[in-house]
$ cat structure.csv   # CSV, all heavy atoms
chain,number,residue,atom,x,y,z
A,24,MET,N,66.2,-66.3,-89.8
A,24,MET,CA,67.6,-66.1,-89.8
A,24,MET,C,68.3,-66.7,-91.1
A,24,MET,O,69.2,-66.1,-91.6
A,24,MET,CB,68.2,-66.7,-88.6
A,24,MET,CG,69.7,-66.3,-88.4
A,24,MET,SD,70.5,-67.0,-86.9
A,24,MET,CE,69.7,-66.0,-85.7
A,25,ILE,N,67.8,-67.8,-91.5
A,25,ILE,CA,68.3,-68.4,-92.7
A,25,ILE,C,68.0,-67.5,-94.0
A,25,ILE,O,68.9,-67.3,-94.8
A,25,ILE,CB,67.7,-69.8,-92.9
A,25,ILE,CG1,68.2,-70.7,-91.8
A,25,ILE,CG2,68.1,-70.4,-94.2
A,25,ILE,CD1,67.5,-72.1,-91.7
A,26,ILE,N,66.8,-67.1,-94.0
A,26,ILE,CA,66.3,-66.2,-95.2
A,26,ILE,C,67.1,-64.9,-95.2
A,26,ILE,O,67.6,-64.5,-96.2
A,26,ILE,CB,64.8,-66.0,-95.1
A,26,ILE,CG1,64.1,-67.3,-95.3
A,26,ILE,CG2,64.4,-65.0,-96.2
A,26,ILE,CD1,62.6,-67.2,-95.1
A,27,LEU,N,67.3,-64.3,-94.0
A,27,LEU,CA,68.1,-63.1,-93.9
A,27,LEU,C,69.5,-63.3,-94.4
A,27,LEU,O,70.1,-62.5,-95.1
A,27,LEU,CB,68.1,-62.5,-92.5
A,27,LEU,CG,68.9,-61.3,-92.3
A,27,LEU,CD1,68.4,-60.1,-93.1
A,27,LEU,CD2,68.9,-60.9,-90.8
A,28,GLY,N,70.1,-64.4,-94.0
A,28,GLY,CA,71.5,-64.8,-94.4
A,28,GLY,C,71.6,-65.0,-95.9
A,28,GLY,O,72.6,-64.5,-96.5
A,29,ILE,N,70.6,-65.6,-96.5
A,29,ILE,CA,70.6,-65.8,-97.9
A,29,ILE,C,70.5,-64.5,-98.7
A,29,ILE,O,71.2,-64.3,-99.6
A,29,ILE,CB,69.5,-66.8,-98.3
A,29,ILE,CG1,69.8,-68.2,-97.8
A,29,ILE,CG2,69.3,-66.8,-99.9
A,29,ILE,CD1,68.7,-69.2,-98.0
A,30,ILE,N,69.6,-63.6,-98.2
A,30,ILE,CA,69.5,-62.3,-98.8
A,30,ILE,C,70.8,-61.5,-98.7
A,30,ILE,O,71.2,-60.9,-99.7
A,30,ILE,CB,68.3,-61.6,-98.2
A,30,ILE,CG1,67.0,-62.2,-98.5
A,30,ILE,CG2,68.3,-60.1,-98.6
A,30,ILE,CD1,65.8,-61.7,-97.8
A,31,LEU,N,71.4,-61.5,-97.5
A,31,LEU,CA,72.6,-60.7,-97.4
A,31,LEU,C,73.7,-61.3,-98.2
A,31,LEU,O,74.5,-60.6,-98.8
A,31,LEU,CB,73.0,-60.7,-95.9
A,31,LEU,CG,72.3,-59.8,-95.0
A,31,LEU,CD1,72.8,-60.0,-93.6
A,31,LEU,CD2,72.4,-58.4,-95.4
A,32,PHE,N,73.8,-62.6,-98.3
A,32,PHE,CA,74.8,-63.3,-99.2
A,32,PHE,C,74.6,-62.9,-100.6
A,32,PHE,O,75.6,-62.6,-101.3
A,32,PHE,CB,74.8,-64.8,-99.0
A,32,PHE,CG,75.9,-65.5,-99.6
A,32,PHE,CD1,77.1,-65.5,-99.0
A,32,PHE,CD2,75.7,-66.1,-100.9
A,32,PHE,CE1,78.2,-66.2,-99.6
A,32,PHE,CE2,76.8,-66.8,-101.5
A,32,PHE,CZ,78.0,-66.8,-100.8
A,33,ILE,N,73.4,-62.9,-101.1
A,33,ILE,CA,73.1,-62.6,-102.5
A,33,ILE,C,73.4,-61.1,-102.8
A,33,ILE,O,74.0,-60.8,-103.8
A,33,ILE,CB,71.7,-62.9,-102.9
A,33,ILE,CG1,71.5,-64.5,-102.9
A,33,ILE,CG2,71.3,-62.4,-104.3
A,33,ILE,CD1,70.1,-65.0,-103.1
A,34,VAL,N,73.0,-60.2,-101.9
A,34,VAL,CA,73.3,-58.8,-102.0
A,34,VAL,C,74.8,-58.6,-102.0
A,34,VAL,O,75.3,-57.8,-102.8
A,34,VAL,CB,72.6,-58.0,-100.9
A,34,VAL,CG1,73.1,-56.5,-100.9
A,34,VAL,CG2,71.1,-58.0,-101.1
A,35,GLY,N,75.5,-59.3,-101.2
A,35,GLY,CA,77.0,-59.2,-101.2
A,35,GLY,C,77.6,-59.7,-102.5
A,35,GLY,O,78.6,-59.1,-102.9
A,36,LEU,N,77.1,-60.7,-103.1
A,36,LEU,CA,77.6,-61.1,-104.4
A,36,LEU,C,77.3,-60.1,-105.5
A,36,LEU,O,78.2,-59.8,-106.3
A,36,LEU,CB,76.9,-62.5,-104.8
A,36,LEU,CG,77.4,-63.7,-104.1
A,36,LEU,CD1,76.6,-64.9,-104.5
A,36,LEU,CD2,78.9,-64.0,-104.4
A,37,VAL,N,76.1,-59.6,-105.5
A,37,VAL,CA,75.8,-58.6,-106.5
A,37,VAL,C,76.5,-57.3,-106.4
A,37,VAL,O,77.1,-56.7,-107.3
A,37,VAL,CB,74.2,-58.3,-106.5
A,37,VAL,CG1,73.9,-57.2,-107.4
A,37,VAL,CG2,73.5,-59.6,-106.9
A,38,ALA,N,76.7,-56.8,-105.1
A,38,ALA,CA,77.4,-55.6,-104.8
A,38,ALA,C,78.9,-55.7,-104.7
A,38,ALA,O,79.6,-54.7,-104.5
A,38,ALA,CB,76.8,-54.9,-103.6
A,39,LYS,N,79.3,-57.0,-104.7
A,39,LYS,CA,80.8,-57.3,-104.6
A,39,LYS,C,81.3,-56.8,-103.3
A,39,LYS,O,82.4,-56.2,-103.2
A,39,LYS,CB,81.6,-56.7,-105.7
A,39,LYS,CG,81.1,-57.1,-107.1
A,39,LYS,CD,82.2,-57.7,-107.9
A,39,LYS,CE,81.7,-57.9,-109.3
A,39,LYS,NZ,81.3,-59.2,-109.6
A,40,LEU,N,80.5,-57.0,-102.2
A,40,LEU,CA,81.0,-56.6,-100.8
A,40,LEU,C,81.2,-57.9,-100.0
A,40,LEU,O,80.3,-58.6,-99.7
A,40,LEU,CB,79.9,-55.8,-100.1
A,40,LEU,CG,79.6,-54.4,-100.7
A,40,LEU,CD1,78.4,-53.7,-100.1
A,40,LEU,CD2,80.8,-53.5,-100.6
A,41,ALA,N,82.5,-58.1,-99.7
A,41,ALA,CA,82.8,-59.4,-99.0
A,41,ALA,C,82.3,-59.4,-97.6
A,41,ALA,O,81.9,-60.5,-97.1
A,41,ALA,CB,84.3,-59.5,-99.0
A,42,ILE,N,82.1,-58.3,-97.0
A,42,ILE,CA,81.6,-58.3,-95.6
A,42,ILE,C,80.1,-58.8,-95.5
A,42,ILE,O,79.8,-59.5,-94.6
A,42,ILE,CB,81.7,-56.9,-94.9
A,42,ILE,CG1,81.4,-57.0,-93.4
A,42,ILE,CG2,80.9,-55.9,-95.6
A,42,ILE,CD1,82.5,-57.7,-92.6
A,43,LEU,N,79.3,-58.4,-96.5
A,43,LEU,CA,78.0,-58.9,-96.6
A,43,LEU,C,77.9,-60.4,-96.9
A,43,LEU,O,77.1,-61.1,-96.3
A,43,LEU,CB,77.1,-58.2,-97.6
A,43,LEU,CG,76.7,-56.7,-97.2
A,43,LEU,CD1,75.9,-56.1,-98.4
A,43,LEU,CD2,76.0,-56.7,-96.0
A,44,GLN,N,78.8,-60.9,-97.7
A,44,GLN,CA,78.9,-62.3,-98.0
A,44,GLN,C,79.3,-63.1,-96.7
A,44,GLN,O,78.7,-64.1,-96.4
A,44,GLN,CB,79.9,-62.6,-99.1
A,44,GLN,CG,79.5,-62.1,-100.4
A,44,GLN,CD,80.6,-62.4,-101.5
A,44,GLN,OE1,81.8,-62.4,-101.1
A,44,GLN,NE2,80.2,-62.6,-102.7
A,45,THR,N,80.2,-62.6,-96.0
A,45,THR,CA,80.6,-63.2,-94.7
A,45,THR,C,79.5,-63.2,-93.7
A,45,THR,O,79.2,-64.3,-93.1
A,45,THR,CB,81.9,-62.5,-94.2
A,45,THR,OG1,82.9,-62.4,-95.2
A,45,THR,CG2,82.4,-63.2,-92.9
A,46,ILE,N,78.9,-62.1,-93.5
A,46,ILE,CA,77.8,-62.0,-92.5
A,46,ILE,C,76.6,-62.9,-92.9
A,46,ILE,O,76.1,-63.6,-92.1
A,46,ILE,CB,77.3,-60.6,-92.3
A,46,ILE,CG1,78.5,-59.8,-91.7
A,46,ILE,CG2,76.1,-60.5,-91.5
A,46,ILE,CD1,78.2,-58.3,-91.6
A,47,GLY,N,76.3,-62.9,-94.2
A,47,GLY,CA,75.2,-63.8,-94.7
A,47,GLY,C,75.5,-65.2,-94.5
A,47,GLY,O,74.7,-66.0,-94.1
A,48,GLY,N,76.8,-65.6,-94.8
A,48,GLY,CA,77.2,-67.0,-94.6
A,48,GLY,C,77.1,-67.5,-93.2
A,48,GLY,O,76.6,-68.6,-92.9
A,49,ILE,N,77.5,-66.6,-92.3
A,49,ILE,CA,77.5,-66.9,-90.9
A,49,ILE,C,76.1,-67.1,-90.4
A,49,ILE,O,75.7,-68.0,-89.7
A,49,ILE,CB,78.2,-65.8,-90.1
A,49,ILE,CG1,79.7,-65.9,-90.3
A,49,ILE,CG2,78.0,-66.0,-88.6
A,49,ILE,CD1,80.6,-64.8,-89.8
A,50,LEU,N,75.2,-66.2,-90.8
A,50,LEU,CA,73.8,-66.2,-90.4
A,50,LEU,C,73.1,-67.5,-91.0
A,50,LEU,O,72.3,-68.1,-90.3
A,50,LEU,CB,73.0,-65.0,-90.9
A,50,LEU,CG,73.2,-63.7,-90.1
A,50,LEU,CD1,72.4,-62.6,-90.8
A,50,LEU,CD2,72.8,-63.9,-88.7
A,51,VAL,N,73.4,-67.9,-92.2
A,51,VAL,CA,72.9,-69.1,-92.7
A,51,VAL,C,73.3,-70.3,-91.9
A,51,VAL,O,72.5,-71.2,-91.5
A,51,VAL,CB,73.3,-69.3,-94.2
A,51,VAL,CG1,72.9,-70.7,-94.7
A,51,VAL,CG2,72.6,-68.3,-95.1
A,52,VAL,N,74.6,-70.4,-91.6
A,52,VAL,CA,75.1,-71.6,-90.8
A,52,VAL,C,74.5,-71.6,-89.4
A,52,VAL,O,74.0,-72.7,-89.0
A,52,VAL,CB,76.7,-71.5,-90.7
A,52,VAL,CG1,77.2,-72.5,-89.7
A,52,VAL,CG2,77.3,-71.7,-92.0
A,53,ILE,N,74.4,-70.5,-88.7
A,53,ILE,CA,73.8,-70.4,-87.4
A,53,ILE,C,72.3,-70.8,-87.5
A,53,ILE,O,71.8,-71.6,-86.6
A,53,ILE,CB,74.0,-69.0,-86.8
A,53,ILE,CG1,75.4,-68.8,-86.4
A,53,ILE,CG2,73.1,-68.9,-85.5
A,53,ILE,CD1,75.7,-67.4,-86.0
A,54,GLY,N,71.6,-70.3,-88.5
A,54,GLY,CA,70.2,-70.6,-88.6
A,54,GLY,C,70.0,-72.1,-88.9
A,54,GLY,O,69.0,-72.7,-88.3
A,55,VAL,N,70.8,-72.7,-89.7
A,55,VAL,CA,70.7,-74.1,-90.0
A,55,VAL,C,70.9,-75.0,-88.7
A,55,VAL,O,70.2,-75.9,-88.4
A,55,VAL,CB,71.6,-74.6,-91.2
A,55,VAL,CG1,71.7,-76.1,-91.3
A,55,VAL,CG2,71.1,-73.9,-92.5
A,56,VAL,N,72.0,-74.6,-88.0
A,56,VAL,CA,72.3,-75.3,-86.7
A,56,VAL,C,71.1,-75.2,-85.7
A,56,VAL,O,70.7,-76.2,-85.2
A,56,VAL,CB,73.6,-74.8,-86.1
A,56,VAL,CG1,73.8,-75.3,-84.7
A,56,VAL,CG2,74.8,-75.2,-87.0
A,57,LEU,N,70.6,-74.0,-85.6
A,57,LEU,CA,69.5,-73.9,-84.6
A,57,LEU,C,68.2,-74.6,-85.1
A,57,LEU,O,67.5,-75.2,-84.3
A,57,LEU,CB,69.1,-72.4,-84.4
A,57,LEU,CG,70.2,-71.6,-83.7
A,57,LEU,CD1,69.8,-70.1,-83.6
A,57,LEU,CD2,70.3,-72.1,-82.3
A,58,TRP,N,68.0,-74.6,-86.4
A,58,TRP,CA,66.9,-75.3,-87.0
A,58,TRP,C,67.0,-76.8,-86.8
A,58,TRP,O,66.0,-77.5,-86.4
A,58,TRP,CB,66.8,-75.0,-88.5
A,58,TRP,CG,65.7,-75.7,-89.2
A,58,TRP,CD1,64.5,-76.0,-88.8
A,58,TRP,CD2,65.7,-76.1,-90.6
A,58,TRP,NE1,63.7,-76.6,-89.8
A,58,TRP,CE2,64.5,-76.6,-90.9
A,58,TRP,CE3,66.7,-76.0,-91.6
A,58,TRP,CZ2,64.1,-77.1,-92.2
A,58,TRP,CZ3,66.3,-76.5,-92.9
A,58,TRP,CH2,65.1,-77.0,-93.1
A,59,ILE,N,68.2,-77.4,-87.0
A,59,ILE,CA,68.4,-78.8,-86.7
A,59,ILE,C,68.2,-79.2,-85.3
A,59,ILE,O,67.6,-80.2,-84.9
A,59,ILE,CB,69.8,-79.2,-87.3
A,59,ILE,CG1,69.8,-79.2,-88.8
A,59,ILE,CG2,70.2,-80.6,-86.8
A,59,ILE,CD1,71.2,-79.4,-89.4
A,60,LEU,N,68.8,-78.3,-84.4
A,60,LEU,CA,68.7,-78.6,-82.9
A,60,LEU,C,67.2,-78.6,-82.5
A,60,LEU,O,66.8,-79.4,-81.7
A,60,LEU,CB,69.5,-77.6,-82.1
A,60,LEU,CG,71.0,-77.7,-82.2
A,60,LEU,CD1,71.6,-76.6,-81.4
A,60,LEU,CD2,71.4,-79.1,-81.5
A,61,GLY,N,66.5,-77.6,-83.0
A,61,GLY,CA,65.0,-77.5,-82.7
A,61,GLY,C,64.2,-78.7,-83.3
A,61,GLY,O,63.3,-79.2,-82.7
A,62,ALA,N,64.6,-79.2,-84.5
A,62,ALA,CA,63.9,-80.3,-85.1
A,62,ALA,C,64.1,-81.6,-84.4
A,62,ALA,O,63.2,-82.5,-84.4
A,62,ALA,CB,64.4,-80.4,-86.6
A,63,VAL,N,65.3,-81.8,-83.7
A,63,VAL,CA,65.5,-83.1,-83.0
A,63,VAL,C,64.9,-83.0,-81.6
A,63,VAL,O,65.1,-84.0,-80.9
A,63,VAL,CB,67.0,-83.5,-83.0
A,63,VAL,CG1,67.5,-83.7,-84.4
A,63,VAL,CG2,67.8,-82.5,-82.3
A,64,GLY,N,64.3,-81.9,-81.2
A,64,GLY,CA,63.7,-81.8,-79.9
A,64,GLY,C,64.6,-81.3,-78.8
A,64,GLY,O,64.2,-81.3,-77.7
A,65,ARG,N,65.8,-80.9,-79.2
A,65,ARG,CA,66.7,-80.4,-78.1
A,65,ARG,C,66.3,-78.9,-77.8
A,65,ARG,O,66.1,-78.1,-78.7
A,65,ARG,CB,68.1,-80.4,-78.7
A,65,ARG,CG,69.1,-79.9,-77.7
A,65,ARG,CD,70.5,-80.2,-78.2
A,65,ARG,NE,71.5,-79.5,-77.4
A,65,ARG,CZ,72.0,-80.0,-76.3
A,65,ARG,NH1,71.6,-81.2,-75.9
A,65,ARG,NH2,72.9,-79.4,-75.6
A,66,PRO,N,66.2,-78.6,-76.5
A,66,PRO,CA,65.9,-77.2,-76.2
A,66,PRO,C,67.0,-76.2,-76.6
A,66,PRO,O,68.2,-76.5,-76.5
A,66,PRO,CB,65.8,-77.2,-74.7
A,66,PRO,CG,65.7,-78.6,-74.3
A,66,PRO,CD,66.3,-79.4,-75.4
A,67,VAL,N,66.6,-75.1,-77.2
A,67,VAL,CA,67.6,-74.1,-77.7
A,67,VAL,C,67.4,-72.9,-76.9
A,67,VAL,O,66.3,-72.3,-76.9
A,67,VAL,CB,67.4,-73.8,-79.2
A,67,VAL,CG1,68.3,-72.7,-79.7
A,67,VAL,CG2,67.6,-75.1,-80.0
A,68,GLY,N,68.4,-72.4,-76.2
A,68,GLY,CA,68.3,-71.2,-75.4
A,68,GLY,C,67.4,-71.4,-74.2
A,68,GLY,O,66.8,-70.5,-73.7
A,69,GLY,N,67.3,-72.6,-73.7
A,69,GLY,CA,66.5,-72.9,-72.5
A,69,GLY,C,65.0,-73.1,-72.8
A,69,GLY,O,64.2,-73.3,-71.9
A,70,ARG,N,64.6,-73.0,-74.1
A,70,ARG,CA,63.2,-73.2,-74.4
A,70,ARG,C,63.1,-74.3,-75.4
A,70,ARG,O,63.9,-74.5,-76.3
A,70,ARG,CB,62.6,-71.9,-75.0
A,70,ARG,CG,62.8,-70.7,-74.1
A,70,ARG,CD,62.2,-69.5,-74.8
A,70,ARG,NE,60.8,-69.5,-74.6
A,70,ARG,CZ,60.0,-68.5,-74.9
A,70,ARG,NH1,60.5,-67.5,-75.5
A,70,ARG,NH2,58.7,-68.5,-74.7
A,71,LYS,N,62.0,-75.1,-75.2
A,71,LYS,CA,61.8,-76.2,-76.1
A,71,LYS,C,61.1,-75.8,-77.4
A,71,LYS,O,61.3,-76.3,-78.5
A,71,LYS,CB,61.1,-77.4,-75.4
A,71,LYS,CG,61.1,-78.6,-76.2
A,71,LYS,CD,60.7,-79.8,-75.3
A,71,LYS,CE,60.9,-81.1,-76.1
A,71,LYS,NZ,60.9,-82.2,-75.3
A,72,VAL,N,60.2,-74.8,-77.2
A,72,VAL,CA,59.3,-74.4,-78.3
A,72,VAL,C,59.4,-72.8,-78.4
A,72,VAL,O,59.3,-72.2,-77.4
A,72,VAL,CB,57.9,-74.8,-78.1
A,72,VAL,CG1,57.0,-74.3,-79.3
A,72,VAL,CG2,57.7,-76.3,-78.0
A,73,TRP,N,59.6,-72.3,-79.6
A,73,TRP,CA,59.6,-70.9,-79.8
A,73,TRP,C,58.3,-70.5,-80.5
A,73,TRP,O,58.0,-71.1,-81.6
A,73,TRP,CB,60.8,-70.5,-80.6
A,73,TRP,CG,62.1,-70.5,-79.8
A,73,TRP,CD1,62.9,-71.6,-79.7
A,73,TRP,CD2,62.7,-69.5,-79.0
A,73,TRP,NE1,64.0,-71.4,-78.9
A,73,TRP,CE2,63.8,-70.1,-78.5
A,73,TRP,CE3,62.3,-68.2,-78.8
A,73,TRP,CZ2,64.7,-69.4,-77.7
A,73,TRP,CZ3,63.2,-67.5,-77.9
A,73,TRP,CH2,64.3,-68.1,-77.4
A,74,PHE,N,57.6,-69.5,-80.0
A,74,PHE,CA,56.4,-69.1,-80.7
A,74,PHE,C,56.6,-67.8,-81.3
A,74,PHE,O,57.2,-66.9,-80.8
A,74,PHE,CB,55.2,-69.1,-79.7
A,74,PHE,CG,54.8,-70.4,-79.2
A,74,PHE,CD1,55.2,-70.9,-78.0
A,74,PHE,CD2,54.1,-71.3,-80.0
A,74,PHE,CE1,54.9,-72.1,-77.5
A,74,PHE,CE2,53.7,-72.5,-79.6
A,74,PHE,CZ,54.1,-72.9,-78.3

$ encode --input "structure.csv" --output "structure tokens"
Amino acid sequence: MIILGIILFIVGLVAKLAILQTIGGILVVIGVVLWILGAVGRPVGGRKVWF
């Protein structure tokens, strides 16, 4: 999710499309939050481990 967000953000910058920049930024923030929650051992979405 983080990688997809970064890609969308960069494409938005290159193509000058604000909607892609916004969606990319949101995906990056959500991805980082979920990554941090998973790293500290807190279950995310009712699961402790995602395979």

$ atom_distance --input "structure.csv" --atom1 "CG of Leu60 (chain A)" --atom2 "atom O of Gly47 (chain A)"
17.1 Å

$ residues_near_point --input "structure.csv" --point "(78.5, -65.3, -100.4)" --cutoff "4.5 Å" --atoms "all heavy atoms" --output "list in words"
Phe32, Leu36 and Gln44 of chain A

$ atom_distance --input "structure.csv" --atom1 "CD1 of Trp58 (chain A)" --atom2 "CB of Ile26 (chain A)"
11.8 Å

$ closest_residue --input "structure.csv" --among "A:Ile33, A:Val63, A:Leu57, A:Met24" --to "Thr45 (chain A)" --atoms "only C-alpha atoms"
A:Ile33

$ select_by_dssp --input "structure.csv" --residues "chain A" --states "helix (DSSP H, G or I)" --output "VMD selection string"
chain A and resid 25 to 38 41 to 62

$ atom_distance --input "structure.csv" --atom1 "CA of Leu50 (chain A)" --atom2 "CA of Val34 (chain A)"
13.8 Å

$ closest_residue --input "structure.csv" --among "A:Ile46, A:Ala38, A:Ile59, A:Val51" --to "Ile25 (chain A)" --atoms "all atoms listed in the file"
A:Val51

$ axis_aligned_box --input "structure.csv" --around "region 53-70 of chain A" --padding-each-side "4 Å" --output "JSON"
{"center_x": 67.2, "center_y": -75.7, "center_z": -82.5, "size_x": 25.0, "size_y": 24.6, "size_z": 29.2}

$ decode --input "structure.csv" --residues "chain A" --atoms "C-alpha atoms" --output "PDB file, in the first residue's frame"
ATOM      1  CA  MET A  24       0.000   0.000   0.000  1.00  0.00           C
ATOM      2  CA  ILE A  25       2.908   2.309   0.735  1.00  0.00           C
ATOM      3  CA  ILE A  26       4.559   1.574  -2.600  1.00  0.00           C
ATOM      4  CA  LEU A  27       1.294   2.079  -4.494  1.00  0.00           C
ATOM      5  CA  GLY A  28       0.790   5.397  -2.707  1.00  0.00           C
ATOM      6  CA  ILE A  29       4.285   6.572  -3.607  1.00  0.00           C
ATOM      7  CA  ILE A  30       3.795   5.570  -7.247  1.00  0.00           C
ATOM      8  CA  LEU A  31       0.445   7.369  -7.472  1.00  0.00           C
ATOM      9  CA  PHE A  32       1.895  10.455  -5.808  1.00  0.00           C
ATOM     10  CA  ILE A  33       4.818  10.601  -8.245  1.00  0.00           C
ATOM     11  CA  VAL A  34       2.544  10.043 -11.253  1.00  0.00           C
ATOM     12  CA  GLY A  35       0.312  12.824  -9.936  1.00  0.00           C
ATOM     13  CA  LEU A  36       3.285  15.164  -9.697  1.00  0.00           C
ATOM     14  CA  VAL A  37       4.498  14.353 -13.208  1.00  0.00           C
ATOM     15  CA  ALA A  38       1.029  14.517 -14.795  1.00  0.00           C
ATOM     16  CA  LYS A  39       0.000  17.521 -12.681  1.00  0.00           C
ATOM     17  CA  LEU A  40      -3.144  15.736 -11.444  1.00  0.00           C
ATOM     18  CA  ALA A  41      -4.026  16.799  -7.916  1.00  0.00           C
ATOM     19  CA  ILE A  42      -6.432  13.884  -7.386  1.00  0.00           C
ATOM     20  CA  LEU A  43      -3.633  11.340  -7.853  1.00  0.00           C
ATOM     21  CA  GLN A  44      -1.419  13.258  -5.452  1.00  0.00           C
ATOM     22  CA  THR A  45      -4.195  13.259  -2.862  1.00  0.00           C
ATOM     23  CA  ILE A  46      -5.001   9.565  -3.242  1.00  0.00           C
ATOM     24  CA  GLY A  47      -1.304   8.684  -3.184  1.00  0.00           C
ATOM     25  CA  GLY A  48      -0.714  10.698  -0.025  1.00  0.00           C
ATOM     26  CA  ILE A  49      -3.680   9.107   1.719  1.00  0.00           C
ATOM     27  CA  LEU A  50      -2.495   5.604   0.784  1.00  0.00           C
ATOM     28  CA  VAL A  51       1.003   6.335   2.073  1.00  0.00           C
ATOM     29  CA  VAL A  52      -0.324   7.595   5.420  1.00  0.00           C
ATOM     30  CA  ILE A  53      -2.683   4.624   5.856  1.00  0.00           C
ATOM     31  CA  GLY A  54       0.070   2.197   4.890  1.00  0.00           C
ATOM     32  CA  VAL A  55       2.529   3.686   7.374  1.00  0.00           C
ATOM     33  CA  VAL A  56      -0.054   3.620  10.186  1.00  0.00           C
ATOM     34  CA  LEU A  57      -0.899  -0.033   9.508  1.00  0.00           C
ATOM     35  CA  TRP A  58       2.801  -0.891   9.254  1.00  0.00           C
ATOM     36  CA  ILE A  59       3.536   0.726  12.624  1.00  0.00           C
ATOM     37  CA  LEU A  60       0.551  -0.961  14.289  1.00  0.00           C
ATOM     38  CA  GLY A  61       1.667  -4.330  12.941  1.00  0.00           C
ATOM     39  CA  ALA A  62       5.271  -3.751  13.997  1.00  0.00           C
ATOM     40  CA  VAL A  63       4.351  -3.105  17.637  1.00  0.00           C
ATOM     41  CA  GLY A  64       2.368  -6.335  17.769  1.00  0.00           C
ATOM     42  CA  ARG A  65      -1.110  -4.833  17.814  1.00  0.00           C
ATOM     43  CA  PRO A  66      -3.668  -6.880  15.873  1.00  0.00           C
ATOM     44  CA  VAL A  67      -4.862  -5.061  12.755  1.00  0.00           C
ATOM     45  CA  GLY A  68      -8.290  -5.978  11.432  1.00  0.00           C
ATOM     46  CA  GLY A  69      -8.696  -8.745  13.989  1.00  0.00           C
ATOM     47  CA  ARG A  70      -5.560 -10.578  12.858  1.00  0.00           C
ATOM     48  CA  LYS A  71      -2.175 -10.520  14.475  1.00  0.00           C
ATOM     49  CA  VAL A  72      -0.289 -11.808  11.427  1.00  0.00           C
ATOM     50  CA  TRP A  73      -1.031 -11.259   7.736  1.00  0.00           C
ATOM     51  CA  PHE A  74       0.345 -13.812   5.301  1.00  0.00           C
TER      52      PHE A  74
END
